[in-house]
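K.L.:
Quick one: structure below, then a few questions.
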Amino acid sequence: MSKHTLAVLVENSPGVLARVASLFSRRAYNIDSLAVGPTENPDISRMTIVLNLEGHVLDQVMAQLYKLVNVIAICEMPLETTIQRELLLVKVAPGAKRSEVLTLVRQFQAKIVDEDDDVLTIESTADSEIIEGLLSALTPFGIKELVQSGLVALERGTAALSDRTLSAQGISTEHDISRTQADYQN
Amino acid sequence: MSRELGPAMSGASSLVKSLEAAGVEVMFGIPGGAILPAYDPIFDSSIRHILVRHEQGAGHAATGYAQATGRTGVCIATSGPGATNLVTPLADAAMDSVPLVAITGQVPSAAIGTDAFQEADIRGVTMPITKHNYLITDPADIPRAIAEAFHIASTGRPGPVLVDIAKDALQAMTNFTYPSKISLAGYKPQVEPEDQAIRDAAALIAQSTKPVLFVGGGVIKAEAHKELMRLAELTGAPVVTTLMARGAFPDSHRLHLGMPGMHGTVAAVTALQKSDLLITLGARFDDRVTGKLSSFAVNAKVIHADIDPAEIGKNRYADVAVIGDLKHIMKALIPAIQNEFKKSHPDLVPWWKQMGSLRATYPVGYTAPENGEIAPQYVIERISDISGPDSIYVAGVGQHQMWASQFVKFEKPRTWLNSGGLGTMGYAVPAAMGAKVGKPDKTVWAIDGDGCFQMTNQELVTCALNNIPIKIAIINNESLGMVRQWQTMFYEGRYSNTSLESKRVPDFVKLADAMGCAGLRCERTEDVDAVIKEAMSINDQPVVVDFRVFKDAMVWPMVAAGTSNDEIMIARGLAPDWDSQEL
């Protein structure tokens, strides 16, 4: 399995996305998707990066990421212990098979967010597998256009990446970053 | 907590005050439009500013200064072309882990993104070739950015940091307060090694019967040569020093096998190949050292000690990774090994018998050219013998660089400066200038090629005008010698565009004279010593010596690019006589 999902806390500073993208490009690491947005702390942004690692070792990728001064914390988000979601918006032109599409939408717990006589616009928020399933089920009905967000992920339960690494003011002294991560702090 | 406002001044004055507060004693640069506001307070500053002739010279001079002194080098340039001319030295410093701070002016913030006159996105350009960089548009951010830049450049694995400052931020009024402490959430280099890693490393060392201390440039950066000496004496293991580590361990020491790599000694290359344990200290398994990676030291376990965790496992799997400052690592390792040696002490006699035999059989050497011309290696050997181990030797890139690394007898750290990782032709003259500025009491020899010299020799004017009396030995083989060597070996002697004809044009003696330097020429082997001594006697101006040498001399030994270290050649088509060696 060469796919890995990383949650990366970065300083909310100009150019940080370019730094991460530049690093991945320069070292020939493949990104499947990258989502970035604000967090509960206005100084911190969170990236969720889905990597397709062929010939690279995850430890090496994480160590290189840690070398970016603006990168504060990195955590792998395994499927088993995290909630993972993508957003899909897709326009379908089902013609006479409109009712079949509506059934699919219900089955996949998606919803219709816009419609006219010819086109249904469907929204789905789900994990990658379900999104892929919905898309392949919709394909025979004629997909006119689609847009997908990058994947975002959050740990299940009370664990919070930001708790382990940061307080509202900056670095927390109450919780140690796990040793593996501390090793990479350079 | 309310912060007290410091004295009011311009952003430019705040920049210069910040540089003073950071302890800067000298910087190399050229003014221009966007950085001009900063040059006004520089006029009154205690910081010595050396006006170079090209920004690339400023960058390499700052690097030479840093490599010779261990302090952070500083260069300064204007926006656009001034900044892009720093790109090569920044990339060079990033590859060789040199602490450097580059200050650049940027067009006014309102003009950023409009393709304004002399605008270049130097932050974007230098992202992949700096350790970190900044674009400052608010004058209040200047002191913090400068303080952080020096902190980042000089700690952890050193590297270049660029601070790009918009012109309006230099012009606007601000209050100057230099931060008393720096807190970077995402930057905490690990200095102290983990105890467990030290114990694991010591245990492996105590079991190894074919260990090698594989020493990289990190030992010099960490000022850890004394600890290395103790570690070497304790273990009795053979020592090899990479191109970046020449001088970290005395060449004259009985445990030293020389330099490994593409042009390394047979003993050093073979020691790595046949070892059962590489005790890797601040080296990064560069392709010029490992040769074909899959065939490199196949039977060796690896202890990899480095301050940069990203070097661990990058090219070669590490059985034991020791993250930390090498000085601290070796200080911890020595008692841990002593402890292990109480339980068992490996017998290195058979290993030394092999390595000692290789070292004795295959010392670096050369043959005198049959046509009677000067052997380039001889010139370098004589400079080393006459100028001695306290001098600083700076090389460009190519054959002369490899010969300098082979034939200068290095005894002390920070006496060998070269562009190892990036391989920047033209490094020597400006880097030698920077080294001499940092170490004015030392004799500084640039051993340069005629190709390299013609890339950056304009800085001799800077040297002449600023009383920086460096000495340049041009190893003039009238060609791009290393490229020519590869054409000889791999392109059937088709010398496409490698002949520089520099025994005809330019006249280096006249050129030196025109630039305010003493110019000397040497054309006969029997004159070499006398000319070197004459150059040594001139200390009130820079000296350029045109040593006209045999053009077909080649660098040996050699491991051809992409081949295994096992295929080392001691001369063209000639492998060591392995059958006579018990390996």
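Following the order of the structure tokens, first chain is A, next is B, and so on, with residues numbered from 1 inside each chain and ligands from 1 in the order they appear.
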Should the cut-off be 12 Å, what would the residue list for chain B against chain A look like, counting only C-alpha atoms, as a ChimeraX atom specification?

P.N.:
/B:121,123-137,148-149,151-153,155-159,161,183-194,197,306-317,321-325

K.L.:
Mind listing the strand (DSSP E or B) residues of range 5-184 of chain A, per DSSP on the backbone, as a PyMOL selection string?

P.N.:
chain A and resi 5-11+30-38+44-52+71-76+82-92+111-115+120-126+143-148+152-155+166-167+170-171

K.L.:
Considering only C-alpha atoms, state which residue in the set B:Gly216, B:Pro37, B:Gly434, B:Pro469 is at the smallest distance from Ala62 in chain B.

P.N.:
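Selected residue with least distance to Ala62 in chain B: B:Gly434.
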
K.L.:
Excluding Lys503 in chain B and its own-chain neighbours fewer than 4 positions away, which residues fall within 12 Å of it when counting only C-alpha atoms? Please give them as JSON, numbers by chain.

P.N.:
{"B": [450, 451, 474, 475, 476, 477, 478, 479, 499, 507, 508, 509, 521, 522, 523, 546, 547, 548, 549, 550, 551]}

K.L.:
Could you state the separation of CA of Val298 in chain B and CA of Gln207 in chain B in Å, given to one decimal place?

P.N.:
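Here the two named atoms are 17.6 Å from each other.
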
K.L.:
Give me every helix (DSSP H, G or I) residue in range 49-175 of chain A, going by DSSP on the backbone, as a PyMOL selection string.

P.N.:
chain A and resi 58-66+79-81+95-107+128-141+161-165

K.L.:
To one decimal place in Å, what is the distance between CA of Trp403 in chain B and CA of Gln377 in chain B?

P.N.:
6.0 Å

K.L.:
For Leu358 in chain B, please output as a PyMOL selection string all residues within 9 Å (counting only C-alpha atoms; exclusion window: fewer than 4 positions along the same chain).

P.N.:
chain B and resi 266-268+270+353-354+362-363+581

K.L.:
Which polymer residues have any atom within 8 Å of an atom of Glu76 in chain A, counting only C-alpha atoms, with same-chain residues fewer than 6 positions away left out, as a list in words?

P.N.:
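Contacts, with the query itself left out: His4, Thr5, Leu6 and Ala7 of chain A.
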
K.L.:
With C-alpha atoms retained, export the selected residues as a PDB file, in the first residue's frame.

P.N.:
```pdb
ATOM      1  CA  HIS A   4      -0.717   7.704   2.816  1.00  0.00           C
ATOM      2  CA  THR A   5      -2.740  10.551   4.258  1.00  0.00           C
ATOM      3  CA  LEU A   6      -0.836  13.174   6.221  1.00  0.00           C
ATOM      4  CA  ALA A   7      -2.227  15.954   8.382  1.00  0.00           C
TER       5      ALA A   7
END
```

K.L.:
Contacts of Gln109 in chain A at 8 Å or less, counting only C-alpha atoms, minus same-chain residues fewer than 3 places along, as an MDAnalysis selection string?

P.N.:
chainID A and resid 105:106 124

K.L.:
Keeping only N, CA and C atoms, take the residues you just selected and write them out as a compact mmCIF listing (two decimals), in the first residue's frame.

P.N.:
```txt
# COMPACT_ATOMS: atom_id res chain seq x y z
N VAL A 105 -28.91 8.47 -5.79
CA VAL A 105 -28.57 9.57 -4.88
C VAL A 105 -28.99 9.21 -3.46
N ARG A 106 -30.22 8.63 -3.33
CA ARG A 106 -30.69 8.22 -2.00
C ARG A 106 -29.82 7.11 -1.43
N SER A 124 -22.09 15.14 -2.82
CA SER A 124 -21.84 14.03 -1.90
C SER A 124 -20.64 14.35 -1.04
```

K.L.:
Near Gly258 in chain B, within 9 Å and counting only C-alpha atoms, which residues show up once chain neighbours fewer than 5 positions away are dropped, as a PyMOL selection string?

P.N.:
chain B and resi 239-242+246+251+264-269+359+406

K.L.:
Save the residues we just selected, N, CA and C atoms, as a compact mmCIF listing (two decimals), in the first residue's frame?

P.N.:
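Writing done, so here's again02.txt:
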```txt
# COMPACT_ATOMS: atom_id res chain seq x y z
N VAL B 239 40.18 6.05 9.06
CA VAL B 239 39.40 7.26 8.85
C VAL B 239 39.45 7.63 7.38
N VAL B 240 38.30 7.94 6.81
CA VAL B 240 38.30 8.54 5.47
C VAL B 240 37.60 9.90 5.57
N THR B 241 38.12 10.90 4.86
CA THR B 241 37.51 12.24 4.90
C THR B 241 37.02 12.61 3.50
N THR B 242 35.74 12.93 3.41
CA THR B 242 35.16 13.27 2.11
C THR B 242 35.68 14.63 1.65
N ARG B 246 37.92 17.44 4.13
CA ARG B 246 39.39 17.48 4.10
C ARG B 246 39.86 18.48 5.15
N ASP B 251 45.94 14.69 7.53
CA ASP B 251 46.38 13.75 6.50
C ASP B 251 47.57 12.93 6.96
N GLY B 264 38.87 9.40 -5.19
CA GLY B 264 39.45 9.11 -3.89
C GLY B 264 40.60 8.12 -4.01
N THR B 265 41.26 7.90 -2.88
CA THR B 265 42.36 6.94 -2.87
C THR B 265 41.81 5.51 -2.95
N VAL B 266 42.63 4.61 -3.47
CA VAL B 266 42.22 3.21 -3.55
C VAL B 266 41.90 2.69 -2.14
N ALA B 267 42.73 3.07 -1.17
CA ALA B 267 42.53 2.58 0.19
C ALA B 267 41.21 3.09 0.78
N ALA B 268 40.91 4.38 0.60
CA ALA B 268 39.69 4.94 1.18
C ALA B 268 38.44 4.36 0.51
N VAL B 269 38.48 4.27 -0.82
CA VAL B 269 37.33 3.73 -1.55
C VAL B 269 37.12 2.27 -1.16
N ARG B 359 47.04 1.17 1.17
CA ARG B 359 47.51 2.55 1.28
C ARG B 359 48.97 2.66 0.82
N GLN B 406 43.68 16.12 -3.40
CA GLN B 406 44.59 14.97 -3.28
C GLN B 406 46.00 15.36 -2.83
```

K.L.:
Take CA of Ser162 in chain A and CA of Val8 in chain A and report the distance between them in Å, one decimal.

P.N.:
10.1 Å

K.L.:
Choose the residue, out of B:Ala283, B:Ala21, B:Leu272, B:Val397, that has the smallest atom-to-atom separation from Asn299 in chain B; count only C-alpha atoms.

P.N.:
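Once distances to Asn299 in chain B are computed over only C-alpha atoms, the minimum belongs to B:Leu272.
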